[in-house]
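See below for the structure under consideration.
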Amino acid sequence: MNGQPLLKIGPLRRFTRNLLCPVDLLGRPVLMKYTRDPVEAREEVRGRARLARHYRVPALHARLHVPGGYLIAYERLPGGTDHGLLLDLLNAPEPTAELHSYLRQLTTTYRDVILSTAWPTAPAHVVRKLYWDRAAPGGRLDAYYAGADFAVADGLIDVPVSRLATYTLHINNRRHHLDWTATLRWLRAHFARPEPVWAALTQGDPTDVNLAHPLAWFDYDTAGMNSIPGEFANFLWYTSALGGWLVPTYNAAAFADHPATFDHIAANTPDVRRAEVDDTTSTIHIDYTPRLSAPRRTAVSTYWHQLVQPVAQRLWPDADLANLLRPYLAMRVLGIYNLSDLTPKDRLLLLARLAEAMSPTFDPATYFAPQESPCPTP
């Protein structure tokens with residue numbers, strides 16, 4: 001007698017150190033997540049429980065200790081090839097009414113939860129994984145950059161990053177200065193401070209692959225009381241740089257189920273127009289054309305105007321938002337990929353973006369969603 005199989009296993013996907021696998025068990029769609037780290041497994045389950053009071057999250061069916069790690073079984077939400085994530089709404093030629101509706105719901109939910117749970121919190125009691133732990137001794141900043149030196153862009157600008165402080169940077173006709181060593185030292189010191197930070201209950205890593213469509217939240221090992229400026233910097237940097245450009249370029253396997261992503265990389269990749277060194281004046285000239293697809297510009301703009309600004313006006317009416325965001329943004333620029341592992345042009349662009357973020361004239365309202373413009377005149 002023919003019938004449906006009792007167990008149907010879908011393709012295995014790797015996301016960072018975790019594995020995901022869709023399973024149909026007795027006709028029930030389940031998503032199995034495997035992790036080797038017992039601490040992350042515990043934080044995943046606890047984080048989901050924290051979020052469930054305020055955000056839509058899939059049901060948790062089971063957590064199992066298996067050889068070599070842990071299996072966590074979740075309700076599998078509807079999805080498929082190029083379907084089921086915020087990413088898929090962004091992988092479109094133009095913003096759609098569906099995207100606008102989704103972003104209104106997203107920002108309204110975040111605004112309500114953040115303002116109702118916001119509180120000055122000691123750094124020891126916020127989620128530390130994305131910022132504090134990476135800046136701590138032995139963390140990712142040390143693993144990537146301690147004792148390391150490399151060219152700004154091999155074959156283009158062969159100045160070592162350790163000597164950047166001796167050069168004036170002209171980036172798109174604006175004068176900047178970047179002291180590589182001092183920047184790393186400042187980041188380590190900033191995230192070693194004991195002063196409370198404004199934190200609220202969030203998922204912590206709000207990427208376009210961690211946000212389902214219809215709206216729900218995935219991935220909970222950073223869920224809990226997260227720094228609010230860190231939450232903002234994370235979404236804004238991921239949406240404007242990582243999600244459309246760097247992550248699909250350097251971690252293509254993560255988008256196997258969303259191949260439309262690759263059709264839009266060019267629309268989200270900045271274009272280097274000029275990269276020159278004038279040693280007689282100790283000047284580095286970098287001209288680049290920023291690029292961001294229209295749906296991603298819409299997402300950044302909506303997030304900024306409907307979430308970041310209203311929350312900032314309530315919580316920090318007299319503060320400089322640029323100064324609040326700067327350390328978190330710098331950590332996102334430096335702490336996701338080791339810059340020395342990137343292609344020379346990509347490394348050059350990230351160093352230029354870092355210099356702009358570290359500038360006293362840094363304006364986050366234009367930094368994250370620049371409009372395309374013609375190449376600056378040399």
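Residue numbering restarts at 1 in every chain; chains get A, B, ... in the order shown in the structure tokens, and ligands count up from 1 in that same order.
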
Do a neighbour search on Met32 (chain A) at 10 Å with only C-alpha atoms, toss out local chain neighbours closer than 4 positions, and write the hits as number ranges by chain.
A: 9, 12, 19-23, 61-63, 70-76

Kindly assemble as a Markdown table a list of the region 314-349 of chain A residues that lie within 12 Å of region 181-187 of chain A, each paired with its nearest atom pair and their distance in Å to one decimal, using only C-alpha atoms, sorted first by chain and then by ascending residue number.
```
| residue | atom | partner | partner_atom | distance |
| --- | --- | --- | --- | --- |
| A:Arg326 | CA | A:Leu187 | CA | 9.9 |
| A:Pro327 | CA | A:Leu187 | CA | 6.5 |
| A:Tyr328 | CA | A:Leu187 | CA | 8.9 |
| A:Leu329 | CA | A:Leu187 | CA | 10.5 |
| A:Ala330 | CA | A:Leu187 | CA | 7.9 |
| A:Met331 | CA | A:Leu187 | CA | 7.4 |
| A:Arg332 | CA | A:Leu187 | CA | 11.2 |
| A:Val333 | CA | A:Leu184 | CA | 11.7 |
| A:Leu334 | CA | A:Leu184 | CA | 9.1 |
| A:Gly335 | CA | A:Leu184 | CA | 10.7 |
```

Those selected residues, please, written with all heavy atoms and delivered as a compact mmCIF listing (two decimals), in the first residue's frame.
```txt
# COMPACT_ATOMS: atom_id res chain seq x y z
N ARG A 326 28.56 54.96 16.89
CA ARG A 326 29.90 54.78 16.31
C ARG A 326 30.63 53.53 16.80
O ARG A 326 31.14 52.76 15.98
CB ARG A 326 30.75 56.03 16.56
CG ARG A 326 32.15 55.92 15.95
CD ARG A 326 32.98 57.14 16.21
NE ARG A 326 32.57 58.26 15.39
CZ ARG A 326 31.99 59.36 15.85
NH1 ARG A 326 31.73 59.49 17.15
NH2 ARG A 326 31.67 60.34 15.03
N PRO A 327 30.75 53.26 18.10
CA PRO A 327 31.52 52.08 18.51
C PRO A 327 30.91 50.77 18.03
O PRO A 327 31.62 49.82 17.68
CB PRO A 327 31.55 52.16 20.04
CG PRO A 327 30.43 53.07 20.41
CD PRO A 327 30.29 54.03 19.28
N TYR A 328 29.59 50.71 17.99
CA TYR A 328 28.93 49.49 17.54
C TYR A 328 29.10 49.31 16.03
O TYR A 328 29.35 48.19 15.55
CB TYR A 328 27.44 49.54 17.90
CG TYR A 328 27.22 49.61 19.39
CD1 TYR A 328 27.00 50.83 20.01
CD2 TYR A 328 27.25 48.46 20.18
CE1 TYR A 328 26.82 50.92 21.39
CE2 TYR A 328 27.06 48.53 21.55
CZ TYR A 328 26.85 49.76 22.15
OH TYR A 328 26.68 49.83 23.51
N LEU A 329 29.00 50.40 15.28
CA LEU A 329 29.23 50.32 13.85
C LEU A 329 30.67 49.90 13.55
O LEU A 329 30.90 49.03 12.70
CB LEU A 329 28.92 51.67 13.20
CG LEU A 329 29.28 51.81 11.72
CD1 LEU A 329 28.56 50.77 10.88
CD2 LEU A 329 28.98 53.23 11.23
N ALA A 330 31.63 50.52 14.23
CA ALA A 330 33.03 50.16 14.00
C ALA A 330 33.28 48.69 14.29
O ALA A 330 34.02 48.01 13.57
CB ALA A 330 33.94 51.04 14.85
N MET A 331 32.63 48.17 15.32
CA MET A 331 32.80 46.75 15.64
C MET A 331 32.18 45.87 14.57
O MET A 331 32.71 44.80 14.24
CB MET A 331 32.17 46.44 17.00
CG MET A 331 32.39 45.02 17.46
SD MET A 331 34.13 44.59 17.71
CE MET A 331 34.39 45.35 19.31
N ARG A 332 31.06 46.29 13.98
CA ARG A 332 30.47 45.52 12.89
C ARG A 332 31.37 45.53 11.66
O ARG A 332 31.52 44.53 10.96
CB ARG A 332 29.09 46.06 12.51
CG ARG A 332 28.04 46.08 13.60
CD ARG A 332 27.92 44.78 14.35
NE ARG A 332 27.29 43.73 13.57
CZ ARG A 332 27.22 42.46 13.95
NH1 ARG A 332 27.77 42.08 15.09
NH2 ARG A 332 26.62 41.56 13.20
N VAL A 333 31.98 46.67 11.38
CA VAL A 333 32.88 46.76 10.23
C VAL A 333 34.09 45.85 10.40
O VAL A 333 34.50 45.15 9.47
CB VAL A 333 33.34 48.22 10.00
CG1 VAL A 333 34.37 48.29 8.87
CG2 VAL A 333 32.14 49.12 9.68
N LEU A 334 34.63 45.82 11.61
CA LEU A 334 35.88 45.10 11.84
C LEU A 334 35.69 43.68 12.34
O LEU A 334 36.59 42.84 12.17
CB LEU A 334 36.73 45.86 12.88
CG LEU A 334 37.28 47.22 12.43
CD1 LEU A 334 37.90 47.95 13.61
CD2 LEU A 334 38.30 47.03 11.33
N GLY A 335 34.55 43.39 12.98
CA GLY A 335 34.42 42.15 13.72
C GLY A 335 33.63 41.05 13.05
O GLY A 335 33.43 39.99 13.65
```

DSSP says strand (DSSP E) for which residues of region 221-329 of chain A? Put them as a list in words?
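DSSP-assigned strand (DSSP E) residues in region 221-329 of chain A: Gly224, Met225, Asn226, Ser227, Asp271, Val272, Arg273, Arg274, Ala275, Glu276, Val277, Asp278, Thr283, Ile284, His285, Ile286, Asp287, Tyr288 and Thr289 of chain A.
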
Go ahead and write the selection's residues with C-alpha atoms as a PDB file, in the first residue's frame.
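This is the output file result.pdb:
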```pdb
ATOM      1  CA  GLY A 224      17.760  38.950  25.578  1.00  0.00           C
ATOM      2  CA  MET A 225      18.676  42.393  26.846  1.00  0.00           C
ATOM      3  CA  ASN A 226      20.707  43.841  23.989  1.00  0.00           C
ATOM      4  CA  SER A 227      22.292  47.256  23.688  1.00  0.00           C
ATOM      5  CA  ASP A 271      32.386  50.701  -7.054  1.00  0.00           C
ATOM      6  CA  VAL A 272      35.986  51.854  -6.524  1.00  0.00           C
ATOM      7  CA  ARG A 273      36.730  54.641  -8.991  1.00  0.00           C
ATOM      8  CA  ARG A 274      40.092  55.816  -7.743  1.00  0.00           C
ATOM      9  CA  ALA A 275      42.731  54.427  -5.412  1.00  0.00           C
ATOM     10  CA  GLU A 276      46.035  56.294  -5.440  1.00  0.00           C
ATOM     11  CA  VAL A 277      48.841  57.219  -3.083  1.00  0.00           C
ATOM     12  CA  ASP A 278      50.751  60.495  -3.288  1.00  0.00           C
ATOM     13  CA  THR A 283      47.930  61.553   0.884  1.00  0.00           C
ATOM     14  CA  ILE A 284      45.723  58.613  -0.081  1.00  0.00           C
ATOM     15  CA  HIS A 285      42.956  59.310  -2.579  1.00  0.00           C
ATOM     16  CA  ILE A 286      39.929  57.003  -2.583  1.00  0.00           C
ATOM     17  CA  ASP A 287      36.882  57.701  -4.701  1.00  0.00           C
ATOM     18  CA  TYR A 288      34.056  55.210  -4.707  1.00  0.00           C
ATOM     19  CA  THR A 289      30.435  55.184  -5.821  1.00  0.00           C
TER      20      THR A 289
END
```

Given the choices A:Pro360, A:Ala124, A:Gln309, A:Asp320, which gets closest to Thr107 (chain A) if the distance is worked out from only C-alpha atoms?
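Among the listed residues, the smallest separation from Thr107 (chain A) belongs to A:Gln309.
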
What lies within 12 Å of Thr166 (chain A) using only C-alpha atoms, ignoring chain neighbours under 4 positions off, as a list in words?
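The filter keeps Val159, Pro160, Val161, Ser162, His176, His177, Leu178, Asp179, Trp180, Thr181, Asp279, Thr281, Ser282, Thr283 and Ile284 of chain A.
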
Output N, CA and C atoms for every residue in the selection just made, as a CSV table (one decimal), in the first residue's frame.
```
chain,number,residue,atom,x,y,z
A,159,VAL,N,50.2,50.7,1.2
A,159,VAL,CA,50.5,51.2,2.5
A,159,VAL,C,50.0,50.3,3.6
A,160,PRO,N,50.9,49.9,4.6
A,160,PRO,CA,50.4,49.0,5.7
A,160,PRO,C,49.4,49.7,6.5
A,161,VAL,N,48.4,49.0,7.0
A,161,VAL,CA,47.4,49.7,7.9
A,161,VAL,C,48.0,50.3,9.1
A,162,SER,N,49.1,49.7,9.6
A,162,SER,CA,49.7,50.3,10.8
A,162,SER,C,50.3,51.7,10.5
A,176,HIS,N,39.7,62.9,5.7
A,176,HIS,CA,39.6,62.0,6.8
A,176,HIS,C,40.9,61.6,7.3
A,177,HIS,N,40.9,61.0,8.5
A,177,HIS,CA,42.1,60.5,9.2
A,177,HIS,C,41.7,59.2,9.9
A,178,LEU,N,42.5,58.2,9.7
A,178,LEU,CA,42.3,56.9,10.4
A,178,LEU,C,43.6,56.4,11.0
A,179,ASP,N,43.6,56.3,12.3
A,179,ASP,CA,44.7,55.7,13.1
A,179,ASP,C,44.3,54.3,13.4
A,180,TRP,N,44.8,53.3,12.7
A,180,TRP,CA,44.4,51.9,12.8
A,180,TRP,C,44.6,51.4,14.2
A,181,THR,N,45.8,51.6,14.7
A,181,THR,CA,46.1,51.1,16.1
A,181,THR,C,45.3,51.8,17.1
A,279,ASP,N,52.9,59.9,-2.3
A,279,ASP,CA,53.8,59.9,-1.2
A,279,ASP,C,54.5,61.2,-0.9
A,281,THR,N,53.0,64.0,-0.6
A,281,THR,CA,52.2,64.8,0.3
A,281,THR,C,51.6,63.9,1.4
A,282,SER,N,52.0,62.6,1.4
A,282,SER,CA,51.4,61.6,2.3
A,282,SER,C,49.9,61.6,2.3
A,283,THR,N,49.4,61.5,1.1
A,283,THR,CA,47.9,61.6,0.9
A,283,THR,C,47.5,60.3,0.1
A,284,ILE,N,46.4,59.7,0.6
A,284,ILE,CA,45.7,58.6,-0.1
A,284,ILE,C,44.4,59.1,-0.6
```

Determine which residues of region 63-267 of chain A receive a DSSP assignment of helix (DSSP H, G or I), computed from the backbone, and state them as a PyMOL selection string.
chain A and resi 86-90+97-117+123-125+132-135+140-145+161-166+180-190+228-250+252-255+259-267

Saved selection, atoms kept: C-alpha atoms, as a compact mmCIF listing (two decimals), in the first residue's frame:
```txt
# COMPACT_ATOMS: atom_id res chain seq x y z
CA LEU A 86 12.70 39.50 4.61
CA LEU A 87 15.65 38.80 2.29
CA ASP A 88 13.20 37.76 -0.43
CA LEU A 89 11.33 41.08 -0.22
CA LEU A 90 14.66 42.88 -0.59
CA ALA A 97 3.63 47.38 -1.28
CA GLU A 98 4.29 44.10 0.52
CA LEU A 99 7.72 45.34 1.62
CA HIS A 100 6.30 48.65 2.87
CA SER A 101 3.62 46.82 4.88
CA TYR A 102 6.19 44.42 6.33
CA LEU A 103 8.52 47.23 7.38
CA ARG A 104 5.68 49.10 9.10
CA GLN A 105 4.84 46.00 11.10
CA LEU A 106 8.50 45.33 11.89
CA THR A 107 9.29 48.83 13.11
CA THR A 108 6.03 49.14 15.06
CA THR A 109 6.72 45.88 16.90
CA TYR A 110 10.29 46.85 17.67
CA ARG A 111 9.35 50.35 18.79
CA ASP A 112 6.69 49.09 21.18
CA VAL A 113 8.85 46.35 22.69
CA ILE A 114 12.03 48.41 22.91
CA LEU A 115 10.32 51.35 24.61
CA SER A 116 8.47 49.08 27.04
CA THR A 117 11.57 47.08 28.03
CA PRO A 123 27.36 45.58 30.67
CA ALA A 124 27.68 42.34 32.64
CA HIS A 125 23.94 41.79 32.20
CA TRP A 132 31.75 43.00 24.40
CA ASP A 133 33.13 39.48 23.95
CA ARG A 134 34.63 40.36 20.58
CA ALA A 135 36.45 43.36 22.04
CA ARG A 140 37.65 38.35 17.80
CA LEU A 141 39.50 41.67 17.56
CA ASP A 142 42.58 39.98 18.99
CA ALA A 143 42.12 36.85 16.88
CA TYR A 144 41.89 38.93 13.70
CA TYR A 145 44.25 41.82 14.29
CA VAL A 161 47.35 49.67 7.85
CA SER A 162 49.75 50.27 10.76
CA ARG A 163 51.00 53.41 8.91
CA LEU A 164 47.62 54.83 7.95
CA ALA A 165 47.87 57.42 10.71
CA THR A 166 50.77 59.08 8.85
CA TRP A 180 44.37 51.91 12.81
CA THR A 181 46.13 51.09 16.08
CA ALA A 182 44.32 53.80 18.02
CA THR A 183 40.95 52.68 16.66
CA LEU A 184 41.47 49.11 17.87
CA ARG A 185 42.66 50.40 21.24
CA TRP A 186 39.63 52.70 21.53
CA LEU A 187 37.20 49.87 20.74
CA ARG A 188 38.75 47.59 23.35
CA ALA A 189 38.62 50.37 25.94
CA HIS A 190 35.05 51.36 25.07
CA ILE A 228 19.80 49.42 21.78
CA PRO A 229 22.46 51.33 19.79
CA GLY A 230 24.05 47.95 19.03
CA GLU A 231 20.72 46.61 17.79
CA PHE A 232 20.34 49.62 15.51
CA ALA A 233 23.89 49.47 14.17
CA ASN A 234 23.51 45.76 13.50
CA PHE A 235 20.37 46.07 11.34
CA LEU A 236 21.55 49.18 9.52
CA TRP A 237 25.01 47.82 8.66
CA TYR A 238 23.72 44.40 7.70
CA THR A 239 20.98 45.79 5.46
CA SER A 240 23.20 48.41 3.81
CA ALA A 241 26.45 46.45 3.43
CA LEU A 242 26.57 42.87 4.63
CA GLY A 243 23.33 41.34 3.40
CA GLY A 244 23.41 42.46 -0.21
CA TRP A 245 27.16 42.56 -0.78
CA LEU A 246 29.63 40.96 1.62
CA VAL A 247 27.78 37.94 3.02
CA PRO A 248 26.63 36.54 -0.35
CA THR A 249 30.13 37.23 -1.71
CA TYR A 250 32.01 35.43 1.07
CA ALA A 252 27.49 32.01 -0.77
CA ALA A 253 26.41 28.64 0.64
CA ALA A 254 24.11 30.41 3.12
CA PHE A 255 21.94 31.56 0.22
CA PRO A 259 19.50 32.28 -5.21
CA ALA A 260 17.87 35.56 -6.27
CA THR A 261 20.30 37.17 -3.81
CA PHE A 262 23.14 36.67 -6.29
CA ASP A 263 21.28 38.58 -9.00
CA HIS A 264 21.43 41.71 -6.85
CA ILE A 265 25.04 41.68 -5.59
CA ALA A 266 26.17 44.17 -8.24
CA ALA A 267 23.37 46.57 -7.26
```
